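Structure data (mmCIF, C-alpha atoms) from structure-v5.cif:
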```
data_data
#
loop_
_atom_site.label_atom_id
_atom_site.label_comp_id
_atom_site.auth_asym_id
_atom_site.auth_seq_id
_atom_site.Cartn_x
_atom_site.Cartn_y
_atom_site.Cartn_z
CA MET V 21 -123.37 84.74 193.07
CA GLU V 22 -125.00 85.70 196.33
CA PRO V 23 -128.69 86.43 196.10
CA LEU V 24 -129.80 89.96 196.89
CA HIS V 25 -133.20 89.98 198.52
CA CYS V 26 -135.24 93.14 198.27
CA GLY V 27 -137.20 92.69 201.40
CA THR V 28 -139.45 94.50 203.77
CA SER V 29 -137.05 94.65 206.71
CA PRO V 30 -137.15 98.04 208.40
CA ILE V 31 -133.37 97.94 208.80
CA VAL V 32 -131.65 101.08 207.54
CA GLY V 33 -128.07 101.11 206.34
CA PHE V 34 -125.53 103.84 205.68
CA ARG V 35 -122.36 103.07 203.77
CA PHE V 36 -119.98 106.01 204.05
CA SER V 37 -116.46 107.33 204.04
CA LEU V 38 -115.22 110.13 206.25
CA HIS V 39 -112.34 111.99 204.64
CA PRO V 40 -110.27 114.39 206.73
CA MET V 41 -108.12 116.50 204.40
CA SER V 42 -105.15 116.11 206.72
CA GLY V 43 -102.10 113.94 207.12
CA ASP V 44 -103.59 113.07 210.52
CA PHE V 45 -106.57 111.37 208.89
CA ILE V 46 -106.17 108.09 210.78
CA LYS V 47 -106.03 109.85 214.14
CA ILE V 48 -109.07 112.00 213.30
CA ILE V 49 -111.16 109.04 212.14
CA LYS V 50 -110.20 106.89 215.12
CA GLY V 51 -110.86 109.80 217.46
CA ALA V 52 -114.35 110.30 216.03
CA LEU V 53 -115.05 106.58 216.39
CA ASN V 54 -113.85 106.63 220.00
CA GLU V 55 -116.05 109.58 220.91
CA THR V 56 -119.21 108.17 219.31
CA TYR V 57 -121.52 105.66 220.97
CA THR V 58 -121.96 103.02 218.29
CA SER V 59 -123.44 100.18 220.36
CA ASN V 60 -126.89 100.65 218.80
CA VAL V 61 -125.72 99.85 215.28
CA TRP V 62 -124.00 96.99 213.51
CA MET V 63 -120.77 98.33 212.03
CA HIS V 64 -118.21 97.01 209.60
CA THR V 65 -115.22 98.77 208.03
CA ASP V 66 -113.25 97.69 204.97
CA ASP V 67 -110.49 99.37 202.98
CA VAL V 68 -112.85 101.77 201.18
CA SER V 69 -115.80 102.51 203.44
CA THR V 70 -117.72 101.78 206.62
CA VAL V 71 -121.26 100.50 206.85
CA ILE V 72 -123.60 100.92 209.80
CA ARG V 73 -126.98 99.21 210.01
CA GLY V 74 -129.84 99.28 212.48
CA LYS V 75 -132.96 101.20 213.38
CA GLN V 76 -133.28 104.42 211.45
CA PRO V 77 -132.92 106.85 214.40
CA HIS V 78 -129.69 105.19 215.52
CA VAL V 79 -128.18 105.08 212.05
CA PHE V 80 -128.75 108.81 211.55
CA ASN V 81 -127.64 109.56 215.12
CA VAL V 82 -124.35 107.70 214.71
CA ALA V 83 -123.71 109.18 211.26
CA LYS V 84 -124.19 112.70 212.61
CA ALA V 85 -122.10 112.11 215.73
CA LEU V 86 -119.15 110.68 213.80
CA THR V 87 -119.24 113.63 211.44
CA LEU V 88 -119.56 116.19 214.23
CA HIS V 89 -116.68 114.72 216.22
CA ALA V 90 -114.43 114.76 213.16
CA ALA V 91 -115.53 118.33 212.42
CA LYS V 92 -114.64 119.48 215.91
CA THR V 93 -110.97 118.90 215.16
CA GLY V 94 -111.23 122.03 213.00
CA GLU V 95 -109.79 120.19 210.01
CA HIS V 96 -111.49 120.23 206.62
CA VAL V 97 -113.48 116.99 206.55
CA ALA V 98 -115.84 115.50 203.99
CA LEU V 99 -118.48 112.83 204.37
CA SER V 100 -119.76 110.82 201.41
CA GLY V 101 -122.31 108.10 201.82
CA THR V 102 -125.43 106.27 200.79
CA PHE V 103 -128.44 105.62 203.00
CA SER V 104 -130.47 102.59 201.99
CA ILE V 105 -133.57 100.70 203.05
CA GLY V 106 -135.68 97.97 201.50
CA CYS V 107 -132.92 95.93 199.89
CA PRO V 108 -131.01 94.53 202.79
CA GLY V 109 -129.19 91.85 200.84
CA ASP V 110 -129.03 89.72 203.92
CA SER V 111 -130.01 89.86 207.55
CA SER V 112 -126.70 90.76 209.22
CA GLY V 113 -127.45 93.23 211.92
CA ASP V 114 -131.16 92.55 212.16
CA VAL V 115 -130.62 91.83 215.85
CA TYR V 116 -130.06 95.58 216.26
CA LEU V 117 -133.72 96.15 215.45
CA ASP V 118 -134.45 95.10 219.04
CA LYS V 119 -132.66 98.15 220.46
CA ASP V 120 -134.77 100.80 222.15
CA ASP V 121 -135.13 104.29 220.65
CA VAL V 122 -133.04 106.24 223.16
CA LEU V 123 -130.40 108.15 221.21
CA LEU V 124 -126.95 107.74 222.71
CA ASN V 125 -125.19 110.66 221.02
CA THR V 126 -126.53 113.98 222.28
CA ASP V 127 -123.73 116.49 221.62
CA ASP V 128 -125.60 119.52 220.26
CA THR V 129 -122.57 121.65 219.38
CA SER V 130 -123.35 123.88 216.41
CA GLN V 131 -121.40 123.24 213.22
CA TYR V 132 -122.01 124.70 209.76
CA VAL V 133 -122.10 122.11 206.99
CA SER V 134 -122.59 122.46 203.26
CA SER V 135 -123.90 119.36 201.56
CA GLN V 136 -125.60 117.87 198.55
CA PHE V 137 -128.08 115.04 198.34
CA ALA V 138 -129.99 112.95 195.84
CA LEU V 139 -132.92 110.60 196.35
CA TYR V 140 -133.37 107.42 194.34
CA PRO V 141 -136.77 105.81 195.02
CA MET V 142 -136.29 102.47 193.23
CA ASN V 143 -138.88 100.95 190.92
CA ASN V 144 -141.26 103.84 191.53
CA PRO V 145 -142.79 105.39 188.40
CA ASP V 146 -143.59 108.55 190.37
CA TYR V 147 -140.07 109.02 191.63
CA MET V 148 -139.64 112.52 190.21
CA ALA V 149 -142.70 113.72 192.15
CA VAL V 150 -141.24 112.19 195.31
CA ILE V 151 -137.98 114.07 194.73
CA TYR V 152 -139.76 117.40 194.10
CA LYS V 153 -141.68 117.01 197.33
CA GLU V 154 -138.55 116.52 199.41
CA ILE V 155 -136.86 119.51 197.78
CA GLU V 156 -139.90 121.56 198.82
CA ARG V 157 -139.50 120.14 202.33
CA ALA V 158 -135.89 121.36 202.43
CA LYS V 159 -137.08 124.87 201.55
CA GLU V 160 -139.70 124.74 204.30
CA HIS V 161 -137.03 123.64 206.77
CA GLY V 162 -134.74 126.50 205.80
CA VAL V 163 -131.87 124.22 204.82
CA TRP V 164 -132.18 124.40 201.04
CA ASN V 165 -129.17 126.05 199.39
CA ASP V 166 -129.37 125.63 195.63
CA SER V 167 -130.31 123.37 192.76
CA MET V 168 -127.76 121.80 190.48
CA HIS V 169 -127.24 118.92 188.10
CA TYR V 170 -127.92 115.54 189.71
CA ALA V 171 -128.30 116.83 193.28
CA SER V 172 -129.68 119.53 195.55
CA GLY V 173 -127.64 121.71 197.88
CA ILE V 174 -128.57 121.52 201.57
CA HIS V 175 -126.77 123.55 204.21
CA GLY V 176 -126.98 124.95 207.71
CA ASP V 177 -126.31 123.67 211.18
CA ILE V 178 -125.39 119.99 211.21
CA HIS V 179 -128.34 119.16 213.47
CA ASP V 180 -130.89 120.83 211.18
CA VAL V 181 -129.32 119.26 208.10
CA PHE V 182 -129.35 115.73 209.52
CA ALA V 183 -132.91 116.23 210.82
CA PHE V 184 -133.99 117.15 207.30
CA TYR V 185 -132.18 114.19 205.79
CA GLU V 186 -133.84 111.78 208.17
CA GLU V 187 -137.26 113.28 207.49
CA ALA V 188 -136.77 113.21 203.71
CA PHE V 189 -135.61 109.60 203.92
CA THR V 190 -138.73 108.72 205.94
CA HIS V 191 -141.15 110.36 203.51
CA ALA V 192 -139.62 109.31 200.20
CA ARG V 193 -140.49 105.65 200.64
CA THR V 194 -143.84 103.90 200.75
CA GLU V 195 -145.10 100.41 201.50
CA GLN V 196 -145.57 99.93 197.79
CA HIS V 197 -142.08 101.23 196.96
CA PRO V 198 -139.96 100.31 199.96
CA HIS V 199 -136.53 100.35 198.32
CA LEU V 200 -135.06 103.82 198.74
CA VAL V 201 -131.53 105.11 198.32
CA MET V 202 -130.29 108.55 199.33
CA THR V 203 -126.77 109.80 198.63
CA VAL V 204 -125.24 112.56 200.74
CA SER V 205 -121.98 114.50 200.29
CA MET V 206 -121.00 116.88 203.03
CA SER V 207 -118.18 119.38 203.33
CA ILE V 208 -117.13 120.92 206.64
CA ASN V 209 -114.56 123.55 207.59
CA SER V 210 -113.81 124.05 203.93
CA PRO V 211 -111.79 127.03 202.75
CA ALA V 212 -114.34 127.19 199.89
CA HIS V 213 -117.35 127.90 202.08
CA GLY V 214 -118.54 131.42 201.52
CA GLY V 215 -115.66 132.08 199.19
CA PRO V 216 -115.17 131.71 195.46
CA ALA V 217 -115.72 128.34 193.83
CA ASN V 218 -112.97 125.96 194.76
CA ALA V 219 -112.22 122.30 194.19
CA MET Q 12 -139.18 125.24 191.76
CA GLU Q 13 -137.10 124.46 188.70
CA PRO Q 14 -138.48 121.72 186.52
CA LEU Q 15 -136.36 118.60 186.19
CA HIS Q 16 -136.74 117.03 182.78
CA CYS Q 17 -135.97 113.36 182.40
CA GLY Q 18 -135.01 113.42 178.81
CA THR Q 19 -133.35 111.38 176.18
CA SER Q 20 -130.20 113.45 175.82
CA PRO Q 21 -127.10 111.28 175.50
CA ILE Q 22 -125.19 113.64 177.77
CA VAL Q 23 -123.44 111.89 180.65
CA GLY Q 24 -122.63 113.63 183.91
CA PHE Q 25 -120.34 112.86 186.80
CA ARG Q 26 -120.67 114.77 190.06
CA PHE Q 27 -117.70 113.99 192.27
CA SER Q 28 -115.36 115.04 195.01
CA LEU Q 29 -111.67 114.22 195.11
CA HIS Q 30 -110.38 114.03 198.67
CA PRO Q 31 -106.63 113.99 199.29
CA MET Q 32 -106.02 112.99 202.91
CA SER Q 33 -103.35 115.65 203.23
CA GLY Q 34 -102.97 119.20 204.45
CA ASP Q 35 -101.83 119.94 200.88
CA PHE Q 36 -105.27 119.05 199.52
CA ILE Q 37 -105.73 122.32 197.59
CA LYS Q 38 -102.36 121.96 195.88
CA ILE Q 39 -103.03 118.32 194.98
CA ILE Q 40 -106.49 119.04 193.55
CA LYS Q 41 -105.30 122.06 191.57
CA GLY Q 42 -102.31 120.08 190.32
CA ALA Q 43 -104.56 117.27 189.07
CA LEU Q 44 -106.79 119.81 187.33
CA ASN Q 45 -103.79 121.45 185.68
CA GLU Q 46 -102.43 118.15 184.38
CA THR Q 47 -105.75 116.95 182.96
CA TYR Q 48 -107.14 117.97 179.59
CA THR Q 49 -110.69 119.01 180.39
CA SER Q 50 -111.60 120.88 177.21
CA ASN Q 51 -113.93 118.09 176.05
CA VAL Q 52 -116.27 118.40 179.04
CA TRP Q 53 -118.35 121.11 180.64
CA MET Q 54 -117.12 121.57 184.19
CA HIS Q 55 -118.39 123.42 187.22
CA THR Q 56 -117.07 123.39 190.79
CA ASP Q 57 -118.90 124.53 193.91
CA ASP Q 58 -118.04 124.32 197.61
CA VAL Q 59 -118.91 120.61 197.90
CA SER Q 60 -118.27 118.94 194.56
CA THR Q 61 -117.41 119.25 190.90
CA VAL Q 62 -119.59 118.21 187.99
CA ILE Q 63 -118.39 117.33 184.50
CA ARG Q 64 -120.75 116.73 181.59
CA GLY Q 65 -120.32 115.67 178.01
CA LYS Q 66 -120.00 112.63 175.79
CA GLN Q 67 -119.57 109.45 177.78
CA PRO Q 68 -116.00 108.61 176.68
CA HIS Q 69 -114.75 112.07 177.64
CA VAL Q 70 -116.51 112.10 181.00
CA PHE Q 71 -114.91 108.78 181.97
CA ASN Q 72 -111.57 109.82 180.51
CA VAL Q 73 -111.44 113.08 182.49
CA ALA Q 74 -112.63 111.37 185.69
CA LYS Q 75 -109.87 108.76 185.39
CA ALA Q 76 -107.17 111.28 184.52
CA LEU Q 77 -108.00 113.58 187.45
CA THR Q 78 -107.92 110.61 189.81
CA LEU Q 79 -104.68 109.24 188.36
CA HIS Q 80 -102.90 112.58 188.56
CA ALA Q 81 -103.94 113.03 192.19
CA ALA Q 82 -102.84 109.44 192.93
CA LYS Q 83 -99.40 110.04 191.45
CA THR Q 84 -98.60 112.43 194.30
CA GLY Q 85 -98.37 109.29 196.45
CA GLU Q 86 -100.83 110.72 198.95
CA HIS Q 87 -103.84 108.78 200.14
CA VAL Q 88 -106.68 110.08 197.96
CA ALA Q 89 -110.34 109.15 197.70
CA LEU Q 90 -112.82 109.74 194.92
CA SER Q 91 -116.58 109.73 195.53
CA GLY Q 92 -119.03 110.43 192.79
CA THR Q 93 -122.19 109.74 190.88
CA PHE Q 94 -122.41 109.07 187.14
CA SER Q 95 -125.78 109.92 185.65
CA ILE Q 96 -127.56 109.85 182.32
CA GLY Q 97 -131.15 110.29 181.19
CA CYS Q 98 -132.18 113.01 183.60
CA PRO Q 99 -130.12 115.99 182.59
CA GLY Q 100 -132.26 118.57 184.40
CA ASP Q 101 -131.36 121.11 181.76
CA SER Q 102 -129.25 121.41 178.68
CA SER Q 103 -126.11 123.13 180.03
CA GLY Q 104 -123.17 121.56 178.37
CA ASP Q 105 -125.07 119.97 175.51
CA VAL Q 106 -122.73 121.83 173.17
CA TYR Q 107 -120.02 119.41 174.27
CA LEU Q 108 -121.90 116.63 172.49
CA ASP Q 109 -120.41 117.98 169.27
CA LYS Q 110 -116.86 117.06 170.33
CA ASP Q 111 -115.12 114.28 168.48
CA ASP Q 112 -114.25 110.99 170.20
CA VAL Q 113 -110.49 111.39 170.43
CA LEU Q 114 -109.50 110.95 174.08
CA LEU Q 115 -107.18 113.68 175.27
CA ASN Q 116 -105.82 112.02 178.41
CA THR Q 117 -103.65 109.05 177.56
CA ASP Q 118 -101.36 108.57 180.58
CA ASP Q 119 -101.36 104.79 181.07
CA THR Q 120 -99.34 104.69 184.30
CA SER Q 121 -100.41 101.71 186.43
CA GLN Q 122 -102.07 102.48 189.74
CA TYR Q 123 -103.82 100.06 192.09
CA VAL Q 124 -107.25 101.25 193.21
CA SER Q 125 -109.79 99.68 195.53
CA SER Q 126 -113.34 100.82 194.96
CA GLN Q 127 -117.02 100.13 195.45
CA PHE Q 128 -119.92 100.81 193.15
CA ALA Q 129 -123.67 100.61 193.00
CA LEU Q 130 -126.03 100.82 190.03
CA TYR Q 131 -129.44 102.44 190.23
CA PRO Q 132 -131.44 101.89 187.04
CA MET Q 133 -134.40 104.21 187.66
CA ASN Q 134 -138.01 103.22 187.08
CA ASN Q 135 -136.97 99.80 185.84
CA PRO Q 136 -138.90 96.88 187.37
CA ASP Q 137 -136.07 94.53 186.37
CA TYR Q 138 -133.35 96.57 188.00
CA MET Q 139 -132.09 93.76 190.20
CA ALA Q 140 -131.43 91.59 187.14
CA VAL Q 141 -129.53 94.47 185.56
CA ILE Q 142 -127.37 94.77 188.67
CA TYR Q 143 -126.64 91.01 188.81
CA LYS Q 144 -125.56 91.06 185.20
CA GLU Q 145 -123.04 93.84 185.75
CA ILE Q 146 -121.63 92.10 188.83
CA GLU Q 147 -121.09 89.05 186.61
CA ARG Q 148 -119.37 91.30 184.11
CA ALA Q 149 -116.97 92.51 186.80
CA LYS Q 150 -116.04 88.90 187.57
CA GLU Q 151 -115.45 88.20 183.88
CA HIS Q 152 -113.20 91.27 183.68
CA GLY Q 153 -111.17 90.17 186.69
CA VAL Q 154 -111.88 93.33 188.67
CA TRP Q 155 -114.48 91.99 191.11
CA ASN Q 156 -113.28 92.03 194.70
CA ASP Q 157 -116.15 91.22 197.05
CA SER Q 158 -119.83 91.61 197.74
CA MET Q 159 -121.14 93.69 200.60
CA HIS Q 160 -124.20 95.53 201.78
CA TYR Q 161 -125.40 98.15 199.28
CA ALA Q 162 -122.40 97.92 196.96
CA SER Q 163 -119.89 95.67 195.21
CA GLY Q 164 -116.14 95.83 195.59
CA ILE Q 165 -114.16 96.44 192.39
CA HIS Q 166 -110.38 96.66 192.35
CA GLY Q 167 -107.29 96.42 190.21
CA ASP Q 168 -105.39 98.74 187.95
CA ILE Q 169 -107.12 102.09 187.53
CA HIS Q 170 -107.40 101.61 183.76
CA ASP Q 171 -109.10 98.23 184.07
CA VAL Q 172 -111.40 99.51 186.79
CA PHE Q 173 -112.52 102.58 184.83
CA ALA Q 174 -112.94 100.47 181.68
CA PHE Q 175 -115.27 98.17 183.61
CA TYR Q 176 -117.21 101.10 185.06
CA GLU Q 177 -117.75 102.61 181.64
CA GLU Q 178 -118.87 99.27 180.21
CA ALA Q 179 -121.25 98.58 183.11
CA PHE Q 180 -122.69 102.08 182.76
CA THR Q 181 -123.25 101.49 179.04
CA HIS Q 182 -125.00 98.17 179.51
CA ALA Q 183 -127.18 98.95 182.52
CA ARG Q 184 -129.42 101.36 180.64
CA THR Q 185 -131.86 100.78 177.81
CA GLU Q 186 -133.97 102.92 175.52
CA GLN Q 187 -136.97 102.00 177.60
CA HIS Q 188 -135.21 102.81 180.88
CA PRO Q 189 -132.75 105.58 179.99
CA HIS Q 190 -132.30 107.10 183.44
CA LEU Q 191 -129.34 105.42 185.10
CA VAL Q 192 -127.29 106.38 188.12
CA MET Q 193 -124.03 104.76 189.22
CA THR Q 194 -122.20 105.66 192.42
CA VAL Q 195 -118.48 105.01 192.77
CA SER Q 196 -116.19 105.31 195.79
CA MET Q 197 -112.50 104.82 195.24
CA SER Q 198 -109.57 104.64 197.62
CA ILE Q 199 -105.97 104.97 196.49
CA ASN Q 200 -102.62 104.73 198.31
CA SER Q 201 -104.49 103.78 201.46
CA PRO Q 202 -102.62 102.34 204.43
CA ALA Q 203 -105.61 99.96 204.70
CA HIS Q 204 -105.06 98.25 201.35
CA GLY Q 205 -103.92 94.72 201.87
CA GLY Q 206 -103.80 95.23 205.60
CA PRO Q 207 -106.31 94.79 208.38
CA ALA Q 208 -109.64 96.58 208.23
CA ASN Q 209 -109.16 100.27 208.83
CA ALA Q 210 -111.34 103.34 208.77
#
```
Conversion result in structure tokens:
Amino acid sequence: MEPLHCGTSPIVGFRFSLHPMSGDFIKIIKGALNETYTSNVWMHTDDVSTVIRGKQPHVFNVAKALTLHAAKTGEHVALSGTFSIGCPGDSSGDVYLDKDDVLLNTDDTSQYVSSQFALYPMNNPDYMAVIYKEIERAKEHGVWNDSMHYASGIHGDIHDVFAFYEEAFTHARTEQHPHLVMTVSMSINSPAHGGPANA
Amino acid sequence: MEPLHCGTSPIVGFRFSLHPMSGDFIKIIKGALNETYTSNVWMHTDDVSTVIRGKQPHVFNVAKALTLHAAKTGEHVALSGTFSIGCPGDSSGDVYLDKDDVLLNTDDTSQYVSSQFALYPMNNPDYMAVIYKEIERAKEHGVWNDSMHYASGIHGDIHDVFAFYEEAFTHARTEQHPHLVMTVSMSINSPAHGGPANA
């Protein structure tokens, strides 16, 4: 089997799927990809998901831009994904760490999103304290929605929500415990938002 | 803030979203819910996801049945979710631990699924060894597809795939390290299966 190296590379990865609840899903996904500047990240797509890897600001910037462009179609879209750092597995994409920090996607269109996230600081005995602290941060940022089993609800404008996620991801890891995983589920343009509970 | 208790309850939870890539998504989701026997699990749906909790066999059985029923529409559907045990947060649903072990959903229709999973044994210094072992198990079961950043590809018939997931989930936790998280992404009836890489 291939070795997995839990290293100290600062490369951040995001493995995700974007799901438009529409028969036009291919067109919507391809459209979002076309409208997003992805040259600052390494990207690979397979039959289940897409992974992007690179410097943290670019990974979050590309993730947000892809989601926003899909959302702007007006269709109900969902994003599910896992951010990860500290266990790169291998070095594919490390060359992207030489990119500068200028963000390429700057569309600041407002878009309400409702989402849920969970933090998994690996091999950290104090992981529950880390999680509590980031939930407090969400409340301070005004994006906290509710608590629930296995996750916390985060909502608001897409730019505020992604800014919180990037900040939480930054603060929930330490030099001593560099391997951090954060799962995010996001729902946009849903008929269930603001209405009764709905699948 | 609400306390989160990492306890020793044997209750298993699965927080998931089922995404039909179709304008008929509400009908497909409601149809799958109607055709699935869910009386053995506690269930709650909000605007982003659904959570089911109960005894492990019933949680996996309901998760598989919901997915299978949605798949049988022939539409491209995706399942994203997180299985969790050992950190129940509170005791809602513990009453379902008194259910017997008779599985209520027994539809054994074959259905190819392509999926990816990741295991996160919390606060376990040997977590990488645990992960390797379960990847080996997937190969022994004939459901391993490929390795990739941050996840492993698992595919085959839905019944074999869910059987592997339940077995991996059982073996990746110990009395000493009871808190275990497993993320699963599944893609069904995708135009990308067996074809070129596609978003």
The PyMOL selection byres ((chain Q) within 6 of (chain V)) resolved against shown file, as an NGL selection string: :Q and (31-34 or 56-59 or 134-136 or 198 or 203-204 or 208)
Restrict the selected residues to C-alpha atoms and save them as a PDB file, in the coordinates of the input.
```
ATOM      1  CA  PRO Q  31    -106.630 113.990 199.290  1.00  0.00           C
ATOM      2  CA  MET Q  32    -106.020 112.990 202.910  1.00  0.00           C
ATOM      3  CA  SER Q  33    -103.350 115.650 203.230  1.00  0.00           C
ATOM      4  CA  GLY Q  34    -102.970 119.200 204.450  1.00  0.00           C
ATOM      5  CA  THR Q  56    -117.070 123.390 190.790  1.00  0.00           C
ATOM      6  CA  ASP Q  57    -118.900 124.530 193.910  1.00  0.00           C
ATOM      7  CA  ASP Q  58    -118.040 124.320 197.610  1.00  0.00           C
ATOM      8  CA  VAL Q  59    -118.910 120.610 197.900  1.00  0.00           C
ATOM      9  CA  ASN Q 134    -138.010 103.220 187.080  1.00  0.00           C
ATOM     10  CA  ASN Q 135    -136.970  99.800 185.840  1.00  0.00           C
ATOM     11  CA  PRO Q 136    -138.900  96.880 187.370  1.00  0.00           C
ATOM     12  CA  SER Q 198    -109.570 104.640 197.620  1.00  0.00           C
ATOM     13  CA  ALA Q 203    -105.610  99.960 204.700  1.00  0.00           C
ATOM     14  CA  HIS Q 204    -105.060  98.250 201.350  1.00  0.00           C
ATOM     15  CA  ALA Q 208    -109.640  96.580 208.230  1.00  0.00           C
TER      16      ALA Q 208
END
```
Point (-139.5, 112.3, 200.4), cut-off 9 Å, counting all atoms listed in the file, residues as a list in words: Leu139, Pro141, Ala149, Val150, Ile151, Tyr152, Lys153, Glu154, Ile155, Arg157, Glu187, Ala188, Phe189, Thr190, His191, Ala192 and Arg193 of chain V
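Using the PyMOL selection byres ((chain Q and resi 72) around 9) on the file at hand returns these residues: Gln67, Pro68, His69, Val70, Phe71, Val73, Ala74, Lys75, Ala76, Leu77, Leu114, Leu115, Asn116, Thr117 and Phe173 of chain Q.
Of the residues under consideration (Q:Ile169, Q:Ile39, Q:Val113, Q:Leu191), Q:Ile39 shows the shortest atom-to-atom contact distance to Q:Gly85 when counting all atoms listed in the file.
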Might you pull out every residue within 9 Å of V:Lys92, with all atoms listed in the file counted and same-chain residues fewer than 5 positions away left off, and present them as a short mmCIF file (atom, residue, chain, number, x, y, z; two decimals) with C-alpha atoms, in the coordinates of the input?
```cif
data_model
loop_
_atom_site.label_atom_id
_atom_site.label_comp_id
_atom_site.auth_asym_id
_atom_site.auth_seq_id
_atom_site.Cartn_x
_atom_site.Cartn_y
_atom_site.Cartn_z
CA THR V 87 -119.24 113.63 211.44
CA THR V 129 -122.57 121.65 219.38
CA GLN V 131 -121.40 123.24 213.22
#
```
In Å, with one decimal, what is the gap from atom CA of Q:His170 to atom CA of Q:Asp119? 7.3 Å
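Atom CA of Q:Pro189 is positioned 23.0 Å from atom CA of V:Gly106.
Note that atom CA of V:Ala91 and atom CA of V:Tyr57 are 16.4 Å apart.
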For Q:Ile165: contacts at 8 Å, all atoms listed in the file, fewer than 6 positions along chain excluded, given as an MDAnalysis selection string: chainID Q and resid 125:128 149 154:157 172
Would you please take stretch 88-102 of chain V of the structure in the block above and write N, CA and C atoms to a file as a compact mmCIF listing (two decimals), in the first residue's frame?
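This is the output file result-v9.txt:
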```txt
# COMPACT_ATOMS: atom_id res chain seq x y z
N LEU V 88 -20.07 30.18 -5.27
CA LEU V 88 -20.83 31.40 -5.59
C LEU V 88 -21.29 31.39 -7.05
N HIS V 89 -20.41 30.97 -7.96
CA HIS V 89 -20.81 30.95 -9.37
C HIS V 89 -21.93 29.95 -9.60
N ALA V 90 -21.87 28.81 -8.95
CA ALA V 90 -22.96 27.83 -9.09
C ALA V 90 -24.24 28.39 -8.48
N ALA V 91 -24.11 29.10 -7.36
CA ALA V 91 -25.28 29.66 -6.69
C ALA V 91 -25.98 30.70 -7.55
N LYS V 92 -25.18 31.45 -8.31
CA LYS V 92 -25.75 32.54 -9.10
C LYS V 92 -26.66 32.05 -10.24
N THR V 93 -26.65 30.78 -10.51
CA THR V 93 -27.61 30.24 -11.47
C THR V 93 -29.03 30.27 -10.90
N GLY V 94 -29.14 30.45 -9.59
CA GLY V 94 -30.46 30.45 -8.95
C GLY V 94 -30.95 29.05 -8.59
N GLU V 95 -30.25 28.03 -9.06
CA GLU V 95 -30.66 26.66 -8.75
C GLU V 95 -30.30 26.33 -7.29
N HIS V 96 -31.00 25.35 -6.74
CA HIS V 96 -30.63 24.83 -5.42
C HIS V 96 -29.33 24.04 -5.58
N VAL V 97 -28.28 24.49 -4.91
CA VAL V 97 -27.00 23.78 -4.99
C VAL V 97 -26.50 23.47 -3.59
N ALA V 98 -25.76 22.38 -3.49
CA ALA V 98 -25.18 21.98 -2.21
C ALA V 98 -23.69 21.74 -2.40
N LEU V 99 -22.93 22.09 -1.41
CA LEU V 99 -21.50 21.83 -1.39
C LEU V 99 -21.19 20.95 -0.19
N SER V 100 -20.46 19.86 -0.42
CA SER V 100 -20.00 19.03 0.69
C SER V 100 -18.51 18.84 0.52
N GLY V 101 -17.75 19.02 1.57
CA GLY V 101 -16.31 18.84 1.40
C GLY V 101 -15.55 18.78 2.69
N THR V 102 -14.29 18.45 2.55
CA THR V 102 -13.38 18.29 3.69
C THR V 102 -12.11 19.08 3.44
```
